[in-house]
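S.K.: Below is one structure. I have some questions about it.
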Amino acid sequence: METVRASRAVLLPIDSEHNAIFQCLPPFASGDLAAKGIRRILLTGSGGPFRARARNELQRVTPDEACAHPNWVMGARSRSIPRR
């Protein structure tokens with residue numbers, strides 16, 4: 001986030017749930033959301049590969065397990081997209 005601010009870039013969410021929230025927010029909704037009347041945002045998801053896991057087991061999740069979604073091919077995060 002420090003780099004985003006310093007470069008005055010726009011950071012867009014690409015994950016489906018996060019992008020859906022982004023699309024629902026009004027254009028003025030940046031910075032302190034509470035001061036702008038947005039008290040909380042509730043995010044739900046499919047549960048992915050952790051749907052059947054107990055909460056106390058989630059502390060030991062590995063990146064490989066996180067990428068093993070039952071419905072989507074996730075893959076590891078690739079290198080940053082170069083600025084143009």
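Following the order of the structure tokens, chains are lettered A, B, ..., residues in each are numbered from 1, and ligands are numbered from 1.
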Using only C-alpha atoms, which residues sit within 12 Å of Lys36 (chain A) once same-chain residues fewer than 5 positions away are excluded, as a list in words?
M.R.: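 After dropping sequence-adjacent residues, the list is Leu25, Pro26, Pro27, Phe28, Ala29, Ser30 and Gly31 of chain A.
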S.K.: How many Å separate CA of Glu17 (chain A) from CA of Met1 (chain A)?
M.R.: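 Those two atoms sit 19.8 Å apart.
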S.K.: Quick one: everything within 10 Å of Glu65 (chain A), counting only C-alpha atoms, minus sequence neighbours fewer than 5 positions away in the same chain. Send it as a PyMOL selection string.
M.R.: chain A and resi 48-50+60
S.K.: Keeping only N, CA, C and O atoms, write the selected residues as a short mmCIF file (atom, residue, chain, number, x, y, z; two decimals), in the first residue's frame.
M.R.:
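Everything below was put into selection.cif:
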data_model
loop_
_atom_site.label_atom_id
_atom_site.label_comp_id
_atom_site.auth_asym_id
_atom_site.auth_seq_id
_atom_site.Cartn_x
_atom_site.Cartn_y
_atom_site.Cartn_z
N GLY A 48 -13.80 -22.33 -0.16
CA GLY A 48 -12.68 -22.90 -0.90
C GLY A 48 -12.19 -24.20 -0.32
O GLY A 48 -12.98 -25.03 0.15
N PRO A 49 -10.89 -24.40 -0.33
CA PRO A 49 -10.34 -25.67 0.12
C PRO A 49 -10.42 -25.84 1.64
O PRO A 49 -10.12 -26.90 2.16
N PHE A 50 -10.87 -24.82 2.37
CA PHE A 50 -10.90 -24.88 3.83
C PHE A 50 -12.31 -25.03 4.38
O PHE A 50 -12.53 -24.96 5.58
N ARG A 60 -2.49 -23.24 10.45
CA ARG A 60 -1.39 -24.00 9.85
C ARG A 60 -1.53 -24.17 8.34
O ARG A 60 -0.86 -24.99 7.73
#
S.K.: Using only C-alpha atoms, pick whichever of A:Asn56, A:Arg51, A:Arg8, A:Leu33 has the shortest atom-to-atom distance to Ala68 (chain A).
M.R.: A:Arg51
S.K.: What is the CA of Leu42 (chain A) to CA of Asn19 (chain A) distance in Å?
M.R.: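 Calculated distance between CA of Leu42 (chain A) and CA of Asn19 (chain A) is 13.2 Å.
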S.K.: So the first atom is CA of Leu12 (chain A) and the second is CA of Val61 (chain A); what is the distance between them in Å, to one decimal place?
M.R.: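 These two atoms are separated by 25.9 Å.
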